[in-house]
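**Student:** The structure file model_4.pdb (PDB, C-alpha atoms and all ligand atoms) is provided below.
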```
ATOM      1  CA  MET A  26     -65.401  -6.205   9.079
ATOM      2  CA  MET A  27     -66.950  -9.478  10.071
ATOM      3  CA  ILE A  28     -64.932 -12.065  11.983
ATOM      4  CA  ILE A  29     -65.893 -15.669  11.335
ATOM      5  CA  ASP A  30     -64.283 -18.663  12.987
ATOM      6  CA  ALA A  31     -64.403 -21.491  10.439
ATOM      7  CA  HIS A  32     -63.700 -24.364  12.822
ATOM      8  CA  CYS A  33     -65.496 -24.848  16.153
ATOM      9  CA  HIS A  34     -66.732 -27.910  17.945
ATOM     10  CA  TYR A  35     -69.917 -28.430  19.831
ATOM     11  CA  PHE A  36     -68.369 -29.950  22.924
ATOM     12  CA  GLU A  37     -70.654 -32.758  23.976
ATOM     13  CA  THR A  38     -70.186 -33.831  27.540
ATOM     14  CA  GLU A  39     -71.930 -37.114  26.893
ATOM     15  CA  GLY A  40     -69.974 -39.521  24.712
ATOM     16  CA  GLY A  41     -67.296 -36.937  23.942
ATOM     17  CA  LEU A  42     -63.601 -37.653  23.807
ATOM     18  CA  ASP A  43     -61.806 -37.828  27.110
ATOM     19  CA  PHE A  44     -58.376 -36.719  25.874
ATOM     20  CA  VAL A  45     -59.442 -33.204  24.934
ATOM     21  CA  LYS A  46     -60.409 -30.360  27.211
ATOM     22  CA  GLY A  47     -63.337 -28.268  26.185
ATOM     23  CA  ALA A  48     -65.856 -25.790  27.464
ATOM     24  CA  SER A  49     -69.616 -25.826  27.659
ATOM     25  CA  PHE A  50     -71.458 -24.339  24.714
ATOM     26  CA  GLU A  51     -72.584 -21.363  26.810
ATOM     27  CA  GLU A  52     -68.986 -20.639  27.839
ATOM     28  CA  HIS A  53     -67.925 -20.984  24.239
ATOM     29  CA  VAL A  54     -70.532 -18.481  23.038
ATOM     30  CA  GLN A  55     -69.370 -16.017  25.700
ATOM     31  CA  ASP A  56     -65.774 -16.482  24.563
ATOM     32  CA  MET A  57     -66.758 -15.774  20.968
ATOM     33  CA  GLU A  58     -68.745 -12.678  21.920
ATOM     34  CA  SER A  59     -66.010 -11.213  24.087
ATOM     35  CA  ALA A  60     -63.476 -11.765  21.296
ATOM     36  CA  ASN A  61     -65.794  -9.962  18.810
ATOM     37  CA  ILE A  62     -66.121 -13.080  16.709
ATOM     38  CA  ASP A  63     -69.419 -12.536  14.881
ATOM     39  CA  LYS A  64     -70.105 -16.028  13.604
ATOM     40  CA  PHE A  65     -68.631 -19.477  13.822
ATOM     41  CA  ILE A  66     -68.949 -22.751  11.967
ATOM     42  CA  LEU A  67     -69.963 -25.455  14.420
ATOM     43  CA  PHE A  68     -70.132 -29.242  14.207
ATOM     44  CA  THR A  69     -70.222 -32.151  16.590
ATOM     45  CA  LEU A  70     -67.615 -34.799  17.202
ATOM     46  CA  ASN A  71     -70.135 -37.481  18.064
ATOM     47  CA  GLY A  72     -71.467 -37.265  14.530
ATOM     48  CA  LEU A  73     -68.128 -38.543  13.220
ATOM     49  CA  PHE A  74     -68.005 -41.781  15.144
ATOM     50  CA  GLY A  75     -71.285 -42.089  17.011
ATOM     51  CA  ASP A  76     -74.961 -41.669  16.215
ATOM     52  CA  TYR A  77     -74.692 -38.928  13.596
ATOM     53  CA  ARG A  78     -78.424 -38.443  13.243
ATOM     54  CA  ARG A  79     -78.783 -37.715  16.912
ATOM     55  CA  ALA A  80     -75.668 -35.526  16.914
ATOM     56  CA  ASN A  81     -76.950 -33.476  13.966
ATOM     57  CA  ASP A  82     -80.352 -33.122  15.632
ATOM     58  CA  ASN A  83     -78.659 -31.812  18.792
ATOM     59  CA  LEU A  84     -76.639 -29.374  16.721
ATOM     60  CA  ALA A  85     -79.757 -28.117  14.949
ATOM     61  CA  VAL A  86     -81.352 -27.294  18.299
ATOM     62  CA  ILE A  87     -78.247 -25.398  19.457
ATOM     63  CA  ALA A  88     -77.972 -23.549  16.131
ATOM     64  CA  SER A  89     -81.605 -22.471  16.273
ATOM     65  CA  ARG A  90     -80.922 -20.771  19.610
ATOM     66  CA  TYR A  91     -78.160 -18.617  18.057
ATOM     67  CA  PRO A  92     -79.217 -18.273  14.411
ATOM     68  CA  ASP A  93     -77.099 -15.160  13.782
ATOM     69  CA  MET A  94     -73.989 -16.682  15.260
ATOM     70  CA  VAL A  95     -73.863 -20.403  14.623
ATOM     71  CA  ILE A  96     -73.252 -21.762  11.116
ATOM     72  CA  PRO A  97     -74.022 -25.474  11.505
ATOM     73  CA  PHE A  98     -72.072 -28.102   9.545
ATOM     74  CA  GLY A  99     -73.298 -31.674   9.362
ATOM     75  CA  THR A 100     -71.302 -34.795  10.133
ATOM     76  CA  PHE A 101     -71.835 -38.380   9.020
ATOM     77  CA  ASN A 102     -69.958 -41.651   8.843
ATOM     78  CA  PRO A 103     -69.542 -42.849   5.238
ATOM     79  CA  TRP A 104     -69.164 -46.472   6.377
ATOM     80  CA  TYR A 105     -72.944 -46.464   6.808
ATOM     81  CA  GLY A 106     -73.409 -46.110   3.056
ATOM     82  CA  GLN A 107     -76.880 -45.132   1.878
ATOM     83  CA  ASP A 108     -77.970 -44.168   5.384
ATOM     84  CA  ALA A 109     -75.120 -41.650   5.563
ATOM     85  CA  LEU A 110     -75.942 -40.381   2.070
ATOM     86  CA  ASP A 111     -79.522 -39.831   3.191
ATOM     87  CA  GLU A 112     -78.204 -37.938   6.207
ATOM     88  CA  ILE A 113     -76.578 -35.387   3.868
ATOM     89  CA  ASP A 114     -80.008 -34.767   2.325
ATOM     90  CA  ARG A 115     -81.601 -34.498   5.759
ATOM     91  CA  CYS A 116     -78.940 -32.046   6.985
ATOM     92  CA  MET A 117     -79.573 -29.816   3.984
ATOM     93  CA  ASN A 118     -83.314 -30.148   3.444
ATOM     94  CA  VAL A 119     -84.635 -30.631   6.964
ATOM     95  CA  LEU A 120     -82.031 -29.175   9.339
ATOM     96  CA  GLY A 121     -80.899 -26.284   7.141
ATOM     97  CA  PHE A 122     -77.159 -26.843   7.574
ATOM     98  CA  ARG A 123     -74.570 -24.878   5.568
ATOM     99  CA  GLY A 124     -71.813 -27.415   4.890
ATOM    100  CA  PHE A 125     -70.138 -30.591   6.127
ATOM    101  CA  LYS A 126     -67.127 -31.643   8.160
ATOM    102  CA  LEU A 127     -65.129 -34.782   7.347
ATOM    103  CA  HIS A 128     -62.612 -36.298   9.711
ATOM    104  CA  PRO A 129     -60.901 -39.213   7.918
ATOM    105  CA  TRP A 130     -58.642 -40.079  10.832
ATOM    106  CA  MET A 131     -61.384 -40.253  13.469
ATOM    107  CA  THR A 132     -63.854 -41.952  11.144
ATOM    108  CA  GLY A 133     -61.338 -44.402   9.716
ATOM    109  CA  PHE A 134     -61.135 -43.859   5.937
ATOM    110  CA  PRO A 135     -58.446 -42.410   3.672
ATOM    111  CA  ILE A 136     -59.770 -39.146   2.274
ATOM    112  CA  ASN A 137     -58.805 -40.050  -1.296
ATOM    113  CA  SER A 138     -60.704 -43.366  -1.170
ATOM    114  CA  GLU A 139     -63.170 -43.934  -4.021
ATOM    115  CA  MET A 140     -65.708 -44.833  -1.360
ATOM    116  CA  LEU A 141     -66.090 -41.117  -0.691
ATOM    117  CA  ASN A 142     -67.105 -40.247  -4.262
ATOM    118  CA  PRO A 143     -70.908 -40.399  -3.865
ATOM    119  CA  PHE A 144     -70.714 -38.362  -0.652
ATOM    120  CA  LEU A 145     -68.542 -35.652  -2.140
ATOM    121  CA  GLU A 146     -70.696 -35.586  -5.264
ATOM    122  CA  LYS A 147     -73.786 -35.086  -3.159
ATOM    123  CA  ILE A 148     -72.212 -32.315  -1.069
ATOM    124  CA  MET A 149     -71.085 -30.653  -4.290
ATOM    125  CA  SER A 150     -74.606 -30.884  -5.703
ATOM    126  CA  TYR A 151     -75.843 -28.750  -2.781
ATOM    127  CA  ASP A 152     -73.200 -26.135  -3.581
ATOM    128  CA  VAL A 153     -71.940 -26.009   0.011
ATOM    129  CA  PRO A 154     -68.346 -26.302   1.273
ATOM    130  CA  VAL A 155     -66.725 -29.216   3.028
ATOM    131  CA  LEU A 156     -64.213 -28.783   5.850
ATOM    132  CA  ILE A 157     -61.712 -31.650   5.849
ATOM    133  CA  HIS A 158     -59.365 -32.409   8.716
ATOM    134  CA  SER A 159     -55.765 -32.582   7.471
ATOM    135  CA  GLY A 160     -52.477 -33.908   8.805
ATOM    136  CA  THR A 161     -52.400 -37.331  10.539
ATOM    137  CA  PRO A 162     -51.066 -39.703   7.845
ATOM    138  CA  PRO A 163     -52.142 -41.956   6.268
ATOM    139  CA  TRP A 164     -55.755 -40.768   6.459
ATOM    140  CA  SER A 165     -55.764 -37.154   5.506
ATOM    141  CA  GLU A 166     -52.544 -35.800   4.126
ATOM    142  CA  PRO A 167     -52.718 -32.506   2.223
ATOM    143  CA  LEU A 168     -51.682 -34.107  -1.063
ATOM    144  CA  GLN A 169     -54.436 -36.731  -0.691
ATOM    145  CA  ILE A 170     -56.860 -33.836  -0.270
ATOM    146  CA  GLY A 171     -55.298 -32.303  -3.371
ATOM    147  CA  GLU A 172     -56.218 -35.479  -5.251
ATOM    148  CA  VAL A 173     -59.834 -35.092  -4.083
ATOM    149  CA  ALA A 174     -59.817 -31.450  -5.165
ATOM    150  CA  ARG A 175     -58.714 -32.495  -8.667
ATOM    151  CA  ARG A 176     -61.419 -35.164  -8.799
ATOM    152  CA  PHE A 177     -64.102 -32.626  -7.792
ATOM    153  CA  PRO A 178     -62.996 -29.251  -9.120
ATOM    154  CA  GLU A 179     -66.346 -27.629  -8.293
ATOM    155  CA  LEU A 180     -66.215 -28.715  -4.646
ATOM    156  CA  ARG A 181     -65.115 -25.967  -2.252
ATOM    157  CA  ILE A 182     -62.678 -27.604   0.166
ATOM    158  CA  VAL A 183     -61.490 -25.939   3.356
ATOM    159  CA  MET A 184     -58.401 -27.832   4.539
ATOM    160  CA  ALA A 185     -58.583 -27.755   8.332
ATOM    161  CA  HIS A 186     -55.266 -27.227  10.145
ATOM    162  CA  MET A 187     -53.358 -26.682   6.888
ATOM    163  CA  GLY A 188     -51.413 -29.925   7.423
ATOM    164  CA  ILE A 189     -50.843 -29.137  11.133
ATOM    165  CA  ILE A 190     -47.237 -29.199  12.296
ATOM    166  CA  ASP A 191     -45.376 -31.332   9.812
ATOM    167  CA  LEU A 192     -47.311 -31.162   6.578
ATOM    168  CA  TRP A 193     -47.949 -27.435   6.028
ATOM    169  CA  LYS A 194     -45.547 -27.341   3.084
ATOM    170  CA  GLU A 195     -47.583 -30.053   1.365
ATOM    171  CA  ALA A 196     -50.729 -28.080   2.214
ATOM    172  CA  ILE A 197     -49.330 -25.057   0.399
ATOM    173  CA  ASP A 198     -48.447 -27.253  -2.585
ATOM    174  CA  ALA A 199     -51.954 -28.722  -2.667
ATOM    175  CA  ALA A 200     -53.522 -25.253  -2.529
ATOM    176  CA  LYS A 201     -51.155 -23.938  -5.197
ATOM    177  CA  SER A 202     -52.231 -26.581  -7.683
ATOM    178  CA  ASN A 203     -55.949 -26.590  -6.772
ATOM    179  CA  LYS A 204     -57.943 -23.367  -6.778
ATOM    180  CA  ASN A 205     -60.814 -25.042  -4.892
ATOM    181  CA  ILE A 206     -58.722 -25.524  -1.736
ATOM    182  CA  TRP A 207     -58.615 -22.955   1.061
ATOM    183  CA  LEU A 208     -56.199 -23.369   3.974
ATOM    184  CA  GLU A 209     -57.598 -23.107   7.490
ATOM    185  CA  THR A 210     -55.208 -21.948  10.201
ATOM    186  CA  SER A 211     -55.997 -23.787  13.459
ATOM    187  CA  GLY A 212     -53.055 -25.618  14.989
ATOM    188  CA  VAL A 213     -50.473 -24.636  12.370
ATOM    189  CA  PRO A 214     -47.464 -22.442  13.272
ATOM    190  CA  GLY A 215     -47.800 -18.721  12.511
ATOM    191  CA  SER A 216     -44.615 -18.829  10.443
ATOM    192  CA  ALA A 217     -46.278 -21.373   8.133
ATOM    193  CA  ILE A 218     -49.306 -19.089   7.696
ATOM    194  CA  LYS A 219     -47.006 -16.252   6.687
ATOM    195  CA  ILE A 220     -45.391 -18.393   3.990
ATOM    196  CA  ALA A 221     -48.806 -19.587   2.811
ATOM    197  CA  VAL A 222     -49.965 -15.982   2.442
ATOM    198  CA  GLU A 223     -46.889 -15.233   0.335
ATOM    199  CA  GLU A 224     -47.200 -18.334  -1.818
ATOM    200  CA  VAL A 225     -50.954 -18.783  -2.370
ATOM    201  CA  GLY A 226     -52.250 -15.340  -1.413
ATOM    202  CA  PRO A 227     -54.358 -14.075   1.508
ATOM    203  CA  GLU A 228     -57.632 -14.797  -0.311
ATOM    204  CA  ARG A 229     -56.988 -18.526   0.084
ATOM    205  CA  ILE A 230     -56.382 -18.539   3.855
ATOM    206  CA  VAL A 231     -59.214 -18.934   6.376
ATOM    207  CA  PHE A 232     -59.150 -18.375  10.130
ATOM    208  CA  GLY A 233     -60.246 -21.271  12.326
ATOM    209  CA  SER A 234     -59.628 -21.901  16.015
ATOM    210  CA  ASP A 235     -60.682 -25.517  16.697
ATOM    211  CA  SER A 236     -62.170 -24.124  19.925
ATOM    212  CA  PRO A 237     -63.294 -24.918  22.523
ATOM    213  CA  TYR A 238     -60.618 -27.607  22.335
ATOM    214  CA  GLY A 239     -57.637 -26.574  24.334
ATOM    215  CA  GLY A 240     -60.047 -25.091  26.876
ATOM    216  CA  GLN A 241     -61.264 -21.528  27.145
ATOM    217  CA  GLY A 242     -58.999 -18.956  25.526
ATOM    218  CA  GLY A 243     -57.837 -21.166  22.669
ATOM    219  CA  HIS A 244     -59.730 -19.013  20.169
ATOM    220  CA  LEU A 245     -57.755 -15.915  21.264
ATOM    221  CA  PHE A 246     -54.451 -17.673  20.797
ATOM    222  CA  GLN A 247     -55.476 -18.843  17.317
ATOM    223  CA  MET A 248     -56.779 -15.402  16.289
ATOM    224  CA  ASN A 249     -53.826 -13.457  17.661
ATOM    225  CA  LYS A 250     -51.490 -15.818  15.853
ATOM    226  CA  ILE A 251     -52.854 -14.249  12.650
ATOM    227  CA  ARG A 252     -52.989 -10.655  13.913
ATOM    228  CA  PHE A 253     -49.371 -10.772  15.084
ATOM    229  CA  LEU A 254     -48.217 -11.635  11.571
ATOM    230  CA  ASP A 255     -48.918  -8.008  10.632
ATOM    231  CA  LEU A 256     -50.187  -8.830   7.166
ATOM    232  CA  GLY A 257     -51.930  -5.477   6.674
ATOM    233  CA  THR A 258     -55.613  -4.640   7.043
ATOM    234  CA  THR A 259     -56.879  -6.053   3.761
ATOM    235  CA  ALA A 260     -55.196  -9.438   4.080
ATOM    236  CA  THR A 261     -56.076  -9.753   7.767
ATOM    237  CA  GLU A 262     -59.746  -8.997   7.113
ATOM    238  CA  LEU A 263     -59.890 -11.543   4.304
ATOM    239  CA  ILE A 264     -58.362 -14.231   6.500
ATOM    240  CA  LEU A 265     -60.435 -13.460   9.603
ATOM    241  CA  GLY A 266     -63.770 -13.452   7.818
ATOM    242  CA  GLY A 267     -63.999 -12.212   4.228
ATOM    243  CA  ASN A 268     -62.839 -15.413   2.576
ATOM    244  CA  ILE A 269     -65.080 -17.832   4.440
ATOM    245  CA  GLN A 270     -67.996 -15.448   3.921
ATOM    246  CA  ARG A 271     -67.504 -15.829   0.191
ATOM    247  CA  ILE A 272     -66.992 -19.594   0.418
ATOM    248  CA  LEU A 273     -70.261 -19.932   2.368
ATOM    249  CA  GLY A 274     -72.063 -17.462   0.117
ATOM    250  CA  ILE A 275     -73.220 -15.287   3.025
TER
HETATM  251 ZN    ZN B   1     -61.354 -29.698  15.109
END
```
Would you mind writing the structure in this file as structure tokens?
Ligand SMILES: [Zn+2]

**Tutor:**
Amino acid sequence: MMIIDAHCHYFETEGGLDFVKGASFEEHVQDMESANIDKFILFTLNGLFGDYRRANDNLAVIASRYPDMVIPFGTFNPWYGQDALDEIDRCMNVLGFRGFKLHPWMTGFPINSEMLNPFLEKIMSYDVPVLIHSGTPPWSEPLQIGEVARRFPELRIVMAHMGIIDLWKEAIDAAKSNKNIWLETSGVPGSAIKIAVEEVGPERIVFGSDSPYGGQGGHLFQMNKIRFLDLGTTATELILGGNIQRILGI
């Protein structure tokens, strides 16, 4: 089986956030290798609120050093309008990225805003998935993401954090009524994942760690959270890699 971590950050030391602990990229790669994680989706934080072109360029360099491991996702800030739309094209056509990450809370837009329509349409036209941060009202609640999923039924949406601590029940509801939503497990309690598996099925749940945030070792905690649920081999393999493989088309 292949293990794929659907949610990792390229921890930039320059211009990064000071309230999160991370690890260098080299340490992160070592962590992934020693945990037998074969591949991981990676994106920058700077691209959400800083110079996204530069951030995506940096990511492309990193990804090219580990082409079998790193699955790069682009970031952009929709407040920059046409420039940000062009960046989606550049990420796909020039940098060879495989999807996009949106962070409504950090970038300052409600995910169900009409302003997002041209961006989501463009991402959809490239037939690649979008990973959307969830939780943190009023920017990115699971039911707002559900509204987006209904507006763009062909868009494959991975809901990062599955609503986090308080909103996982809404996340399950959103996934139940929208087949194009997959629930990603970083940060959510294990008990919530178990209920999600029962209610929406293991083929709709995707492992993500949000590492290297939380420092080294966070990926093990997030992975073991799933293993300890004892869901059986088939379900566990789908969640740890099979589902995201299909979503990415790899
Ligand atoms: Zn994250």

**Student:** Wanna dump the range 56-99 of chain A-range 227-251 of chain A contacts at 10 Å for me, each residue with its shortest atom pair and the distance in Å to one decimal, counting only C-alpha atoms, ordered by chain and number, as JSON lines?

**Tutor:**
```
{"residue": "A:Asp56", "atom": "CA", "partner": "A:Gln241", "partner_atom": "CA", "distance": 7.2}
{"residue": "A:Met57", "atom": "CA", "partner": "A:His244", "partner_atom": "CA", "distance": 7.8}
{"residue": "A:Ser59", "atom": "CA", "partner": "A:Leu245", "partner_atom": "CA", "distance": 9.9}
{"residue": "A:Ala60", "atom": "CA", "partner": "A:Leu245", "partner_atom": "CA", "distance": 7.1}
{"residue": "A:Ile62", "atom": "CA", "partner": "A:His244", "partner_atom": "CA", "distance": 9.4}
{"residue": "A:Phe65", "atom": "CA", "partner": "A:Gly233", "partner_atom": "CA", "distance": 8.7}
{"residue": "A:Ile66", "atom": "CA", "partner": "A:Gly233", "partner_atom": "CA", "distance": 8.8}
{"residue": "A:Leu67", "atom": "CA", "partner": "A:Asp235", "partner_atom": "CA", "distance": 9.6}
```

**Student:** Just to confirm, what's the straight-line distance from CA of Lys204 in chain A to CA of Pro178 in chain A in Å (one decimal)?

**Tutor:**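 It comes out at 8.1 Å.
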
**Student:** Please determine, counting only C-alpha atoms, which residue among A:Arg175, A:Ser159, A:Tyr91, A:Pro129 has the shortest atom-to-atom distance to Met187 in chain A.

**Tutor:** A:Ser159

**Student:** Enumerate, as a list of chain:residue names, the residues matched when the PyMOL selection byres (((not hetatm)) within 7 of (chain B and resi 1)) is run on the file above.

**Tutor:**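 Here the PyMOL selection byres (((not hetatm)) within 7 of (chain B and resi 1)) matches A:His32, A:Cys33, A:His34, A:Asp235.
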
**Student:** Keeping only C-alpha atoms, take the residues you just selected and write them out as a tab-separated table (two decimals), in the coordinates of the input.

**Tutor:**
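The resulting result_8.tsv:
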```tsv
chain	number	residue	atom	x	y	z
A	32	HIS	CA	-63.70	-24.36	12.82
A	33	CYS	CA	-65.50	-24.85	16.15
A	34	HIS	CA	-66.73	-27.91	17.94
A	235	ASP	CA	-60.68	-25.52	16.70
```

**Student:** Tell me, in Å to one decimal, how far CA of Gly133 in chain A is from CA of Ala217 in chain A.

**Tutor:**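 These atoms are spaced 27.6 Å apart.
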
**Student:** Record the distance separating CA of Asp152 in chain A and CA of Thr132 in chain A, expressed in Å with one decimal.

**Tutor:** 23.5 Å

**Student:** When the PyMOL selection byres (((chain A and resi 108-117) around 9) and not hetatm) is applied to the file above, which residues end up in the set, as an mmCIF file with C-alpha atoms, in the coordinates of the input?

**Tutor:**
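Result saved to result16.cif:
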```
data_model
loop_
_atom_site.group_PDB
_atom_site.id
_atom_site.type_symbol
_atom_site.label_atom_id
_atom_site.label_comp_id
_atom_site.auth_asym_id
_atom_site.auth_seq_id
_atom_site.Cartn_x
_atom_site.Cartn_y
_atom_site.Cartn_z
ATOM 1 C CA TYR A 77 -74.692 -38.928 13.596
ATOM 2 C CA ARG A 78 -78.424 -38.443 13.243
ATOM 3 C CA ASN A 81 -76.950 -33.476 13.966
ATOM 4 C CA ASP A 82 -80.352 -33.122 15.632
ATOM 5 C CA ALA A 85 -79.757 -28.117 14.949
ATOM 6 C CA PHE A 98 -72.072 -28.102 9.545
ATOM 7 C CA GLY A 99 -73.298 -31.674 9.362
ATOM 8 C CA THR A 100 -71.302 -34.795 10.133
ATOM 9 C CA PHE A 101 -71.835 -38.380 9.020
ATOM 10 C CA ASN A 102 -69.958 -41.651 8.843
ATOM 11 C CA PRO A 103 -69.542 -42.849 5.238
ATOM 12 C CA TRP A 104 -69.164 -46.472 6.377
ATOM 13 C CA TYR A 105 -72.944 -46.464 6.808
ATOM 14 C CA GLY A 106 -73.409 -46.110 3.056
ATOM 15 C CA GLN A 107 -76.880 -45.132 1.878
ATOM 16 C CA ASN A 118 -83.314 -30.148 3.444
ATOM 17 C CA VAL A 119 -84.635 -30.631 6.964
ATOM 18 C CA LEU A 120 -82.031 -29.175 9.339
ATOM 19 C CA GLY A 121 -80.899 -26.284 7.141
ATOM 20 C CA PHE A 122 -77.159 -26.843 7.574
ATOM 21 C CA ARG A 123 -74.570 -24.878 5.568
ATOM 22 C CA GLY A 124 -71.813 -27.415 4.890
ATOM 23 C CA PHE A 125 -70.138 -30.591 6.127
ATOM 24 C CA PRO A 143 -70.908 -40.399 -3.865
ATOM 25 C CA PHE A 144 -70.714 -38.362 -0.652
ATOM 26 C CA LYS A 147 -73.786 -35.086 -3.159
ATOM 27 C CA ILE A 148 -72.212 -32.315 -1.069
ATOM 28 C CA TYR A 151 -75.843 -28.750 -2.781
#
```

**Student:** So, with only C-alpha atoms as the atoms that count, which of A:Leu73, A:Val153, A:Ala174, A:Met94 lies closest to Asn137 in chain A?

**Tutor:**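 Closest candidate: A:Ala174.
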
**Student:** Which residue is closest to Thr161 in chain A? Choose from A:Ile189, A:Val86, A:Val95, A:Val222 and count all atoms listed in the file.

**Tutor:**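 Looking only at the distances to Thr161 in chain A, the closest residue turns out to be A:Ile189.
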
**Student:** Determine the nearest neighbour of Pro167 in chain A from the options A:Val155, A:Ile182, A:Ile275, A:Met140, counting all atoms listed in the file.

**Tutor:**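 Of all the options, A:Ile182 lies closest to Pro167 in chain A.
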
**Student:** For Trp130 in chain A, please output as a list in words all residues within 12 Å (counting all atoms listed in the file; exclusion window: fewer than 3 positions along the same chain).

**Tutor:** Leu73, Phe74, Asn102, Leu127, Gly133, Phe134, Pro135, Ile136, Ile157, His158, Ser159, Gly160, Thr161, Pro162, Pro163, Trp164, Ser165 and Glu166 of chain A

**Student:** I'd like to know which of A:Lys126, A:His186, A:His53, A:Lys194 is closest to Gly72 in chain A, using all atoms listed in the file.

**Tutor:**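 That would be A:Lys126, the residue with the smallest distance to Gly72 in chain A.
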
**Student:** My list of candidates is A:Arg176, A:His128, A:Lys201, A:Lys64. Which is closest to Asn142 in chain A when distances are computed with only C-alpha atoms?

**Tutor:** A:Arg176
